[in-house]
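Asks: To start, I am sharing the structure in question, which I have written as structure tokens.
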Amino acid sequence: MIVSVYCFGQNVDSLYYLYLDAKGGRRIALVNEIAQTAYTLECTDTLYNVNYNTKPELAAAIVNELVASYAEYILNDLAKAVKFALNAAQLYEQLGDISGMDISYSNAATYYFRMGDHEKAIDLMLKCYELESQMNDTEAMGTTLNNLGVVYSTWGKSDVAVECFRRAVEIERPMNRPMQYAGRLSQLAKENAILGNYDEALRLIKEALACAEKIERNEREERIAVHQRIMGNIYDKMDSLPQAQKCYQHAISVFEKNNRQQQLAESLLGLGHLQLRQNHFTEAIKTLKYCIDICEKNRLRRTLRDASRFLYEAYKQTGHSAQALSYFEQYNNLNDSIFKETTQKQISEFQVKYETVEKQFQIERQQAEIEKHKIRQFIYSGGLFMAGLLIMLLIYVIILRTRRNRLLAETNATKDKFFSIISHDLKNPAISQRDALQLLLDNSGQWDTASVTEYYRKLLKSANDQVDLLFTLLGWAQIQTRRMPYLPVQFDLTVALQPCIRLIKNMAEAKDITFNVRMPEAAIVTGDYNMISTVVRNLLTNAVKFTAKSGTITLDISVMTCCRDAINRTDATHRVSVSAGFSISITDTGTGMSSEQIQNLFRLDRQHSRKGTAGEQGSGLGLIVCKELLQKHGSQLYIESEEGKGSRFCFELKILQNEYKYS
């Protein structure tokens with residue numbers, strides 16, 4: 001049987017190390033194998049079973065819990081058991097499983113207690129008490145307080161132990177569990193007896209006996225016998241020897257009948273010591289020898305040691321020196337053996353503590369190294385970040401400089417264009433007008449009235465062209481210097497364009513050009529009244545300029561998409577319910593433009609004025625002004641053109657929802 005257990009222990013070890021290296025389904029299978037092995041070894045009462053849905057942290061917590069149990073029961077390696085129990089508690093803490101934490105910390109506390117490390121055992125039990133308070137688990141709180149009392153009692157702190165046992169009794173009292181309540185009372189009674197509070201101890205043990213009478217029949221007799229033995233010890237300390245003897249004899253009869261060897265030996269020891277105090281040496285020797293026989297059969301060495309000491313005193317009092325010496329030697333040998341065992345245990349515990357502290361120092365040193373490494377990493381990362389930031393700033397400066405250079409180039413082009421207009425487009429008409437006036441003055445007496453009138457008409461046309469050029473130049477200059485305010489209002493586009501339409505009709509008729517207009521009766525738009533009029537007038541003027549005789553120009557104002565058409569049957573008027581905007585287009589059958597000319601229309605550095613079909617002269621600024629005015633309205637100027645076939649200029653304006661009629 002020992003070989004079988006040893007093999008299982010080896011299997012648990014090897015399975016655990018295989019589990020650490022395994023992944024996926026293999027790891028799950030190994031968890032179940034470890035659980036099956038621990039259950040077979042009776043290290044646990046629960047046969048765990050995990051699957052793919054089990055969280056990895058929960059599976060790891062179960063494995064650590066099982067390894068801790070097998071380390072305690074099979075290997076008797078309490079240090080290893082503590083380590084794995086604490087690992088399990090930390091994993092349960094990650095899962096937020098307070099119940100799992102409580103069980104694992106409680107197990108670790110028990111291992112520390114058995115190792116003799118009372119301080120750590122108490123720390124963990126107090127942590128368990130806090131967790132149980134969070135769960136409001138009063139039953140577990142009572143058990144933990146009782147365990148704390150046992151630890152403090154073993155540690156020699158009976159005053160603290162009494163308080164723990166008292167609180168455990170208070171928690172247990174309302175639970176209506178007679179057996180547990182009687183147990184709590186007996187613990188409190190024993191501790192009061194140690195402190196010398198015999199009356200209180202006697203009261204408590206009598207209450208425990210009364211409570212034990214309510215226990216179920218199959219357990220009642222033994223529980224009463226246990227309390228009778230404790231009460232015998234209390235009476236013994238109170239020097240109430242007859243009552244003590246009665247209690248011991250009752251307990252002995254029950255333990256003999258139920259074959260409870262350890263309890264029987266302790267009861268016989270108490271009775272033998274009591275008989276020795278009464279100087280009933282013959283009875284004492286008989287009782288103590290019976291106790292020694294049981295102790296030797298069951299290896300109860302501490303009880304055997306105490307019984308040998310009492311027999312030594314009994315034989316010494318009766319003058320049997322040889323027997324007295326024999327039991328004295330047996331007492332000394334057992335005492336030395338127990339002392340050596342205790343000392344060795346303390347040395348082992350000290351060694352475990354030393355190794356634990358050493359490991360803790362190693363962990364702290366490793367943590368310090370990790371912190372140093374983190375600091376170095378942080379400095380390195382910070383350096384890289386700063387370098388990256390500097391590079392980004394440098395790139396940003398380069399981009400700003402490039403943008404500034406481009407703006408300077410555009411500004412220079414604007415300046416050059418401005419001077420070109422001043423030096424050429426304004427200078428030449430002014431000189432021509434001066435020369436014409438001089439010629440008119442020189443020939444005023446020779447020309448007839450018709451010739452003079454015709455010459456005046458041409459001179460007026462030249463002056464009008466020059467005025468138009470000045471207005472265009474002024475508008476463009478205002479835009480460039482941001483002195484032209486944008487004042488959007490709601491206005492009727494159809495009404496606003498009437499003066500412009502009349503002007504263009506006259507210009508078109510003068511060149512024998514057909515001018516078509518198609519627009520709704522009313523179109524309410526949002527924008528700057530003067531700017532939109534300027535845009536349409538410039539586009540129509542350009543169309544007349546570059547359209548030859550017998551050509552056609554069309555102004556079309558139409559509703560854009562998102563419309564609903566309807567027919568009014570009463571007046572047969574076509575109505576359109578608008579919810580988007582208007583498209584304004586100017587189409588001509590003029591000279592048109594190449595793709596290269598279209599690309600250079602809005603570039604001052606490549607802009608060159610072209611003469612119209614009748615020799616009209618312009619500044620080349622009109623379309624640039626139109627584009628910039630439309631941008632203030634959130635609109636764009638679209639151009640379609642083909643050389644020799646004409647051009648189409650189009651833009652869009654937002655409107656208010658309304659109905660627009662077409663007759």
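Ordering of the structure tokens sets the chain letters (A, B, ...), residue numbers begin anew at 1 in every chain, and ligands are numbered from 1 in the order given.
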I want to know what sits within 12 Å of Ser647 of chain A, based on only C-alpha atoms, with residues of the same chain fewer than 3 positions away left out; could you give that as JSON, numbers by chain?
Replies: {"A": [539, 540, 542, 543, 544, 546, 547, 552, 553, 554, 585, 586, 587, 588, 589, 590, 591, 592, 593, 594, 595, 598, 638, 639, 640, 641, 642, 643, 644, 650]}
Asks: Tell me which protein, DNA and RNA residues are within 8 Å of segment 228-232 of chain A, counting only C-alpha atoms, leaving out same-chain ones fewer than 2 positions away, and put them as a ChimeraX atom specification.
Replies: /A:186,190,202,205-206,209,224-226,234-236,243-248,250-251,267,270
Asks: What does the file look like for those residues with N, CA and C atoms, as a compact mmCIF listing (two decimals), in the first residue's frame?
Replies:
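Heads up, here's the output in part-v3.txt:
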```txt
# COMPACT_ATOMS: atom_id res chain seq x y z
N SER A 186 -17.55 23.93 25.39
CA SER A 186 -16.50 23.15 26.06
C SER A 186 -15.13 23.76 25.84
N LYS A 190 -12.69 24.98 28.89
CA LYS A 190 -11.30 24.54 29.09
C LYS A 190 -10.37 25.74 29.23
N LEU A 202 -16.89 25.72 35.06
CA LEU A 202 -17.85 24.69 35.47
C LEU A 202 -19.25 25.02 34.94
N ILE A 205 -19.27 24.19 31.13
CA ILE A 205 -19.26 22.78 30.78
C ILE A 205 -20.59 22.12 31.14
N LYS A 206 -21.25 22.59 32.18
CA LYS A 206 -22.58 22.06 32.53
C LYS A 206 -23.60 22.46 31.45
N LEU A 209 -23.03 20.19 28.58
CA LEU A 209 -23.64 18.87 28.82
C LEU A 209 -25.15 18.91 28.59
N ILE A 224 -21.32 13.44 25.19
CA ILE A 224 -21.50 13.64 26.63
C ILE A 224 -20.27 13.14 27.38
N ALA A 225 -19.70 12.02 26.93
CA ALA A 225 -18.51 11.48 27.58
C ALA A 225 -17.33 12.44 27.47
N VAL A 226 -17.17 13.07 26.31
CA VAL A 226 -16.09 14.06 26.12
C VAL A 226 -16.27 15.21 27.11
N ILE A 234 -11.88 19.89 35.31
CA ILE A 234 -12.20 21.13 36.03
C ILE A 234 -12.39 20.84 37.52
N TYR A 235 -13.16 19.80 37.85
CA TYR A 235 -13.37 19.43 39.26
C TYR A 235 -12.03 19.08 39.92
N ASP A 236 -11.16 18.43 39.15
CA ASP A 236 -9.84 18.05 39.68
C ASP A 236 -9.07 19.31 40.10
N GLN A 243 -16.42 14.43 42.78
CA GLN A 243 -17.14 14.78 41.56
C GLN A 243 -16.28 14.50 40.32
N ALA A 244 -14.97 14.83 40.43
CA ALA A 244 -14.07 14.58 39.32
C ALA A 244 -14.01 13.09 39.01
N GLN A 245 -13.89 12.22 40.08
CA GLN A 245 -13.80 10.78 39.89
C GLN A 245 -15.06 10.25 39.20
N LYS A 246 -16.21 10.77 39.57
CA LYS A 246 -17.46 10.34 38.97
C LYS A 246 -17.50 10.67 37.47
N CYS A 247 -17.03 11.87 37.12
CA CYS A 247 -17.00 12.28 35.70
C CYS A 247 -16.06 11.39 34.90
N TYR A 248 -14.83 11.11 35.46
CA TYR A 248 -13.86 10.28 34.74
C TYR A 248 -14.41 8.87 34.52
N HIS A 250 -17.49 7.87 34.30
CA HIS A 250 -18.54 7.88 33.26
C HIS A 250 -17.92 7.93 31.88
N ALA A 251 -16.92 8.78 31.70
CA ALA A 251 -16.27 8.92 30.40
C ALA A 251 -15.57 7.62 30.02
N SER A 267 -8.72 9.89 29.62
CA SER A 267 -9.62 9.77 30.79
C SER A 267 -8.97 8.93 31.89
N GLY A 270 -6.37 11.00 33.67
CA GLY A 270 -6.97 11.91 34.65
C GLY A 270 -7.41 11.20 35.91
```
Asks: For the atom pair atom CA of Gly142 of chain A and atom CA of Ala189 of chain A, what is the interatomic distance in Å to one decimal place?
Replies: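 The value is 16.5 Å.
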Asks: Select, from A:Lys80, A:His227, A:Arg376, A:Lys214, the residue with the minimum atom-to-atom distance to Asp13 of chain A, counting only C-alpha atoms.
Replies: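 Counting only C-alpha atoms, the residue closest to Asp13 of chain A is A:Lys80.
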Asks: Select, from A:Asn49, A:Gln134, A:Ser106, A:Asn197, the residue with the minimum atom-to-atom distance to Val162 of chain A, counting only C-alpha atoms.
Replies: A:Asn197
Asks: Using only C-alpha atoms, can you tell me which of A:Arg537, A:Lys286, A:Arg223, A:His118 comes closest to Cys626 of chain A?
Replies: A:Arg537
Asks: How far is it from atom CA of Gly156 of chain A to atom CA of Leu78 of chain A, in Å with one decimal?
Replies: 22.6 Å
Asks: Using only C-alpha atoms, pick whichever of A:Glu596, A:Glu42, A:Glu191, A:Glu93 has the shortest atom-to-atom distance to Asn146 of chain A.
Replies: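 Looking only at the distances to Asn146 of chain A, the closest residue turns out to be A:Glu191.
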Asks: If we count only C-alpha atoms, what is near Ser583 of chain A at a cut-off of 7 Å, once residues fewer than 6 positions away on the same chain are taken out, given as a ChimeraX atom specification?
Replies: /A:557-560,650-653
Asks: Pull N, CA and C atoms from the residues just selected and write them as a PDB file, in the first residue's frame.
Replies:
```pdb
ATOM      1  N   ILE A 557     -31.291  78.910 -64.671  1.00  0.00           N
ATOM      2  CA  ILE A 557     -31.380  78.737 -63.214  1.00  0.00           C
ATOM      3  C   ILE A 557     -32.391  77.625 -62.968  1.00  0.00           C
ATOM      4  N   SER A 558     -31.922  76.486 -62.521  1.00  0.00           N
ATOM      5  CA  SER A 558     -32.799  75.320 -62.369  1.00  0.00           C
ATOM      6  C   SER A 558     -32.668  74.740 -60.963  1.00  0.00           C
ATOM      7  N   VAL A 559     -33.728  74.048 -60.579  1.00  0.00           N
ATOM      8  CA  VAL A 559     -33.759  73.400 -59.271  1.00  0.00           C
ATOM      9  C   VAL A 559     -32.881  72.159 -59.301  1.00  0.00           C
ATOM     10  N   MET A 560     -32.112  71.967 -58.233  1.00  0.00           N
ATOM     11  CA  MET A 560     -31.256  70.776 -58.167  1.00  0.00           C
ATOM     12  C   MET A 560     -32.078  69.562 -57.767  1.00  0.00           C
ATOM     13  N   CYS A 650     -20.799  76.785 -64.298  1.00  0.00           N
ATOM     14  CA  CYS A 650     -21.925  76.398 -63.443  1.00  0.00           C
ATOM     15  C   CYS A 650     -21.526  76.489 -61.970  1.00  0.00           C
ATOM     16  N   PHE A 651     -22.482  76.907 -61.122  1.00  0.00           N
ATOM     17  CA  PHE A 651     -22.286  76.866 -59.670  1.00  0.00           C
ATOM     18  C   PHE A 651     -23.640  76.647 -59.006  1.00  0.00           C
ATOM     19  N   GLU A 652     -23.615  76.367 -57.703  1.00  0.00           N
ATOM     20  CA  GLU A 652     -24.842  76.038 -56.980  1.00  0.00           C
ATOM     21  C   GLU A 652     -24.997  76.958 -55.770  1.00  0.00           C
ATOM     22  N   LEU A 653     -26.272  77.202 -55.419  1.00  0.00           N
ATOM     23  CA  LEU A 653     -26.578  77.999 -54.243  1.00  0.00           C
ATOM     24  C   LEU A 653     -27.634  77.287 -53.405  1.00  0.00           C
TER      25      LEU A 653
END
```
Asks: Would you please work out which residue, of A:Lys645, A:Leu441, A:Ile74, A:Asp306, is nearest to Asn335 of chain A when using only C-alpha atoms?
Replies: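 Smallest separation from Asn335 of chain A among the options: A:Asp306.
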Asks: Just checking: using only C-alpha atoms, which residue out of A:Met531, A:Ile584, A:Leu204, A:Val254 ends up closest to Lys632 of chain A?
Replies: A:Met531
Asks: In Å, how far is it from atom CA of Lys654 of chain A to atom CA of Ile524 of chain A?
Replies: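 Going from atom CA of Lys654 of chain A over to atom CA of Ile524 of chain A, I get 9.0 Å.
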Asks: Can you pull out every residue within 10 Å of Tyr73 of chain A, counting only C-alpha atoms, but drop anything in the same chain fewer than 6 positions away, and send it as a VMD selection string?
Replies: chain A and resid 9 38 41 to 44 81
Asks: Find the residues near Ala109 of chain A: any atom within 10 Å, counting only C-alpha atoms, skip ones fewer than 6 places away on the same chain, and give them as a list in words.
Replies: Val82, Ala85, Leu86, Ile103, Met115, Asp117, His118, Glu119, Lys120, Ala121, Ile122, Asp123, Leu124, Met125, Leu126, Lys127, Cys128, Asn147, Leu148 and Val151 of chain A
Asks: Store the residues picked out above in a file with C-alpha atoms, as a PDB file, in the first residue's frame.
Replies:
```
ATOM      1  CA  VAL A  82       1.347  26.490   2.089  1.00  0.00           C
ATOM      2  CA  ALA A  85      -2.637  27.048  -1.084  1.00  0.00           C
ATOM      3  CA  LEU A  86      -1.560  30.707  -1.281  1.00  0.00           C
ATOM      4  CA  ILE A 103     -11.150  28.151   1.716  1.00  0.00           C
ATOM      5  CA  MET A 115       4.278  24.134  11.281  1.00  0.00           C
ATOM      6  CA  ASP A 117       4.111  29.525  12.764  1.00  0.00           C
ATOM      7  CA  HIS A 118       1.295  30.949  14.884  1.00  0.00           C
ATOM      8  CA  GLU A 119       1.667  34.544  13.675  1.00  0.00           C
ATOM      9  CA  LYS A 120       1.121  33.721  10.006  1.00  0.00           C
ATOM     10  CA  ALA A 121      -1.687  31.319  10.892  1.00  0.00           C
ATOM     11  CA  ILE A 122      -3.454  34.090  12.818  1.00  0.00           C
ATOM     12  CA  ASP A 123      -2.908  36.648  10.017  1.00  0.00           C
ATOM     13  CA  LEU A 124      -4.535  34.355   7.464  1.00  0.00           C
ATOM     14  CA  MET A 125      -7.404  33.436   9.811  1.00  0.00           C
ATOM     15  CA  LEU A 126      -8.128  37.120  10.354  1.00  0.00           C
ATOM     16  CA  LYS A 127      -8.163  37.578   6.563  1.00  0.00           C
ATOM     17  CA  CYS A 128     -10.635  34.669   6.339  1.00  0.00           C
ATOM     18  CA  ASN A 147      -9.873  28.091  15.205  1.00  0.00           C
ATOM     19  CA  LEU A 148      -8.301  31.398  16.238  1.00  0.00           C
ATOM     20  CA  VAL A 151      -4.162  28.833  17.878  1.00  0.00           C
TER      21      VAL A 151
END
```
